[in-house]
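**Student:** Questions regarding the structure given below will be posed in turn.
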Amino acid sequence: MKTYSLIAVLLMLTIGVQAQIQLNNASFEAPPKDATIPPGWEGCGLYSTPDIMPGDNEHGQPIWDVTHRPTDGMTYMGLITREDNTREYISQRLNKPTKSRHCYMFSMDLACSPFYAGYNTPIRLRIWLSNELCEKTELIAESPSIQHYEWKNYQFVFSSPKSYTHIVFEATYADESTIPYRGNILIDNVSLITDCDRA
């Protein structure tokens, strides 16, 4: 009986590990620099050049005037929107595909900086899945307008009728009906993508 119990426990642990999807460089660790795509990610769209912060530029000033401390690791990422309707977004291939009709959950820390070299207005984050790098096929999660300057953790739950291999993080305006404007969002500490809590 003890042998069977041990096998059952090991099997449950193995299944639990297999269900986890881990993003590459989920806390956007890299030497601080503006207009820099974090390792493990790809920049998408026109002028998609995220910023890695906090840190100082060549003049000894904080990059884009942003001084938040990271919630995990040494750095985090900033994405912006512009008045010409361009918005920054990044993508990567998942370490394993999502399963169709399967419930997943994950979280991340989000904030807005009151100072971002003029890109100071709150915006939202959209999260997409697809089967090609940088392709936005299915919108699976969306944050509210991030109007707070302190870091807050946001939980997301999703399920899709299809299986996907890639994920996209996109900065977008607080209200799609408004005139495009300069805004920013800070992102750090993206968790594992795991099975939904059934408890």
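Residue numbering restarts at 1 in every chain; chains get A, B, ... in the order shown in the structure tokens, and ligands count up from 1 in that same order.
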Give me the residues near Ala117 (chain A) as a PDB file with C-alpha atoms, in the first residue's frame, where near means some atom within 9 Å (using only C-alpha atoms) and where sequence neighbours in that chain fewer than 5 positions away do not count.
**Tutor:**
```pdb
ATOM      1  CA  ILE A  63      16.047  56.379 -17.630  1.00  0.00           C
ATOM      2  CA  TRP A  64      12.934  58.239 -18.843  1.00  0.00           C
ATOM      3  CA  ASP A  65      12.754  59.780 -15.321  1.00  0.00           C
ATOM      4  CA  VAL A  66      11.328  56.504 -13.959  1.00  0.00           C
TER       5      VAL A  66
END
```
**Student:** Using only C-alpha atoms, which protein or nucleic acid residues come within 9 Å of Arg124 (chain A)? Drop anything in the same chain fewer than 6 positions from it, and give the result as a list of chain:residue names.
**Tutor:**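 What passes the distance filter is A:Glu142, A:Ser143, A:Pro144, A:Ser145, A:Ile146, A:Glu170, A:Ala171, A:Thr172, A:Tyr173, A:Ala174, A:Asp175, A:Asn184, A:Ile185.
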**Student:** Could the residues in this selection be saved with N, CA and C atoms as a PDB file, in the first residue's frame?
**Tutor:**
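Written out: selection28.pdb:
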```pdb
ATOM      1  N   GLU A 142      -7.047  41.291 -20.083  1.00  0.00           N
ATOM      2  CA  GLU A 142      -6.878  42.727 -20.244  1.00  0.00           C
ATOM      3  C   GLU A 142      -6.937  43.369 -18.865  1.00  0.00           C
ATOM      4  N   SER A 143      -5.991  44.211 -18.581  1.00  0.00           N
ATOM      5  CA  SER A 143      -5.994  44.906 -17.298  1.00  0.00           C
ATOM      6  C   SER A 143      -6.932  46.104 -17.368  1.00  0.00           C
ATOM      7  N   PRO A 144      -7.339  46.628 -16.216  1.00  0.00           N
ATOM      8  CA  PRO A 144      -8.009  47.927 -16.238  1.00  0.00           C
ATOM      9  C   PRO A 144      -6.982  49.013 -16.543  1.00  0.00           C
ATOM     10  N   SER A 145      -7.419  50.236 -16.670  1.00  0.00           N
ATOM     11  CA  SER A 145      -6.483  51.346 -16.804  1.00  0.00           C
ATOM     12  C   SER A 145      -5.652  51.427 -15.534  1.00  0.00           C
ATOM     13  N   ILE A 146      -4.325  51.353 -15.679  1.00  0.00           N
ATOM     14  CA  ILE A 146      -3.442  51.325 -14.506  1.00  0.00           C
ATOM     15  C   ILE A 146      -3.127  52.767 -14.106  1.00  0.00           C
ATOM     16  N   GLU A 170       0.721  43.631 -24.901  1.00  0.00           N
ATOM     17  CA  GLU A 170       0.537  44.849 -25.696  1.00  0.00           C
ATOM     18  C   GLU A 170       0.066  46.015 -24.828  1.00  0.00           C
ATOM     19  N   ALA A 171       0.740  47.147 -24.939  1.00  0.00           N
ATOM     20  CA  ALA A 171       0.268  48.382 -24.318  1.00  0.00           C
ATOM     21  C   ALA A 171      -0.864  48.949 -25.161  1.00  0.00           C
ATOM     22  N   THR A 172      -1.917  49.430 -24.502  1.00  0.00           N
ATOM     23  CA  THR A 172      -3.027  50.010 -25.254  1.00  0.00           C
ATOM     24  C   THR A 172      -3.690  51.113 -24.441  1.00  0.00           C
ATOM     25  N   TYR A 173      -4.455  51.942 -25.111  1.00  0.00           N
ATOM     26  CA  TYR A 173      -5.054  53.111 -24.476  1.00  0.00           C
ATOM     27  C   TYR A 173      -6.132  52.713 -23.468  1.00  0.00           C
ATOM     28  N   ALA A 174      -6.380  53.602 -22.513  1.00  0.00           N
ATOM     29  CA  ALA A 174      -7.365  53.320 -21.468  1.00  0.00           C
ATOM     30  C   ALA A 174      -8.753  53.152 -22.045  1.00  0.00           C
ATOM     31  N   ASP A 175      -9.043  53.876 -23.117  1.00  0.00           N
ATOM     32  CA  ASP A 175     -10.331  53.784 -23.782  1.00  0.00           C
ATOM     33  C   ASP A 175     -10.079  53.839 -25.282  1.00  0.00           C
ATOM     34  N   ASN A 184       2.051  55.217 -20.416  1.00  0.00           N
ATOM     35  CA  ASN A 184       3.029  54.197 -20.027  1.00  0.00           C
ATOM     36  C   ASN A 184       2.426  53.182 -19.082  1.00  0.00           C
ATOM     37  N   ILE A 185       3.027  51.998 -19.074  1.00  0.00           N
ATOM     38  CA  ILE A 185       2.702  50.960 -18.106  1.00  0.00           C
ATOM     39  C   ILE A 185       3.994  50.228 -17.760  1.00  0.00           C
TER      40      ILE A 185
END
```
**Student:** Neighbouring residues of Leu94 (chain A) were defined as those with any atom within 8 Å, considering only C-alpha atoms; residues of the same chain fewer than 2 positions away were excluded. Please report them as a list in words.
**Tutor:**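 Once the nearby chain positions are removed, what remains is Ile21, Gln22, Leu23, Asn24, Gln92, Lys96, Pro97, Thr165, His166 and Ile167 of chain A.
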**Student:** Emit the selected residues as a short mmCIF file (atom, residue, chain, number, x, y, z; two decimals), in the first residue's frame, including C-alpha atoms.
**Tutor:**
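File written: again27.cif
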```
data_model
loop_
_atom_site.label_atom_id
_atom_site.label_comp_id
_atom_site.auth_asym_id
_atom_site.auth_seq_id
_atom_site.Cartn_x
_atom_site.Cartn_y
_atom_site.Cartn_z
CA ILE A 21 3.91 27.11 -18.41
CA GLN A 22 6.91 29.27 -17.59
CA LEU A 23 7.75 32.41 -19.53
CA ASN A 24 11.34 33.06 -20.47
CA GLN A 92 7.67 35.04 -27.11
CA LYS A 96 4.78 24.38 -24.02
CA PRO A 97 1.50 25.06 -25.85
CA THR A 165 2.16 28.40 -28.81
CA HIS A 166 2.92 32.13 -28.40
CA ILE A 167 2.01 34.98 -26.06
#
```
**Student:** Name the residues of chain A that fall into alpha helix (DSSP H) according to DSSP on the backbone, using the chain letters and numbers of this document, as a PyMOL selection string.
**Tutor:** chain A and resi 2-19
**Student:** Between A:Ile80, A:Ile37, A:Met108, A:Val157, which has the minimum distance to Ile187 (chain A) (counting only C-alpha atoms)?
**Tutor:**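 Checking each of A:Ile80, A:Ile37, A:Met108, A:Val157 against Ile187 (chain A), counting only C-alpha atoms, the winner is A:Met108.
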**Student:** Which polymer residues have any atom within 12 Å of an atom of Pro50 (chain A), counting only C-alpha atoms, with same-chain residues fewer than 4 positions away left out, as an NGL selection string?
**Tutor:** :A and (28 or 30 or 32-39 or 41-46 or 63-64 or 76-81 or 87-91 or 169-171 or 184-187)
**Student:** Write out as a compact mmCIF listing (two decimals) with C-alpha atoms, in the first residue's frame which residues come within 8 Å of Tyr164 (chain A) when counting only C-alpha atoms, dropping same-chain ones fewer than 2 positions away.
**Tutor:**
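New file around18.txt:
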```txt
# COMPACT_ATOMS: atom_id res chain seq x y z
CA PRO A 97 1.50 25.06 -25.85
CA THR A 98 -1.67 25.89 -23.99
CA LYS A 99 -4.34 23.20 -24.08
CA LEU A 129 -2.29 34.19 -27.64
CA SER A 130 -1.36 33.03 -31.13
CA ASN A 131 0.59 30.44 -33.08
CA LYS A 162 -7.91 26.49 -29.27
CA HIS A 166 2.92 32.13 -28.40
```
**Student:** Just want the 9 Å neighbourhood of Tyr119 (chain A), counted on only C-alpha atoms, with same-chain residues fewer than 4 positions away dropped. Output as a ChimeraX atom specification.
**Tutor:** /A:80-82,113-115,181-184
**Student:** Dump C-alpha atoms for the selected residues as a PDB file, in the first residue's frame?
**Tutor:**
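And here's out-v2.pdb as it stands now:
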```
ATOM      1  CA  ILE A  80       4.340  53.062 -24.013  1.00  0.00           C
ATOM      2  CA  THR A  81       1.599  54.252 -26.344  1.00  0.00           C
ATOM      3  CA  ARG A  82       1.995  57.236 -28.654  1.00  0.00           C
ATOM      4  CA  SER A 113       4.916  56.076 -13.655  1.00  0.00           C
ATOM      5  CA  PRO A 114       3.934  59.735 -13.117  1.00  0.00           C
ATOM      6  CA  PHE A 115       7.135  60.675 -14.943  1.00  0.00           C
ATOM      7  CA  TYR A 181      -2.123  59.732 -26.534  1.00  0.00           C
ATOM      8  CA  ARG A 182       1.225  59.271 -24.801  1.00  0.00           C
ATOM      9  CA  GLY A 183       0.996  56.771 -21.946  1.00  0.00           C
ATOM     10  CA  ASN A 184       3.029  54.197 -20.027  1.00  0.00           C
TER      11      ASN A 184
END
```
**Student:** Go through A:Thr121, A:Ser100, A:Gly73, A:Cys134 one by one, measure the shortest atom-to-atom distance of each to Ser48 (chain A) using only C-alpha atoms, and give the residue with the smallest value.
**Tutor:**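 Closest residue, counting only C-alpha atoms: A:Cys134.
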**Student:** Pick from A:Leu110, A:Leu125, A:Met105, A:Met53: nearest to Ser191 (chain A), with only C-alpha atoms counted?
**Tutor:**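 Of the candidates, the smallest distance to Ser191 (chain A) is held by A:Met105.
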**Student:** Based on the backbone DSSP call, show me all residues of region 29-190 of chain A assigned strand (DSSP E or B), as a ChimeraX atom specification.
**Tutor:** /A:33,42-44,51-53,56,62,76-81,87,89-93,104-111,121-122,124-130,138-142,152-158,166-172,183-188
**Student:** Give the answer as one residue: which of A:Asn57, A:Ser177, A:Ser159, A:Thr49 has the shortest atom-to-atom distance to Trp128 (chain A), using only C-alpha atoms?
**Tutor:** A:Ser159
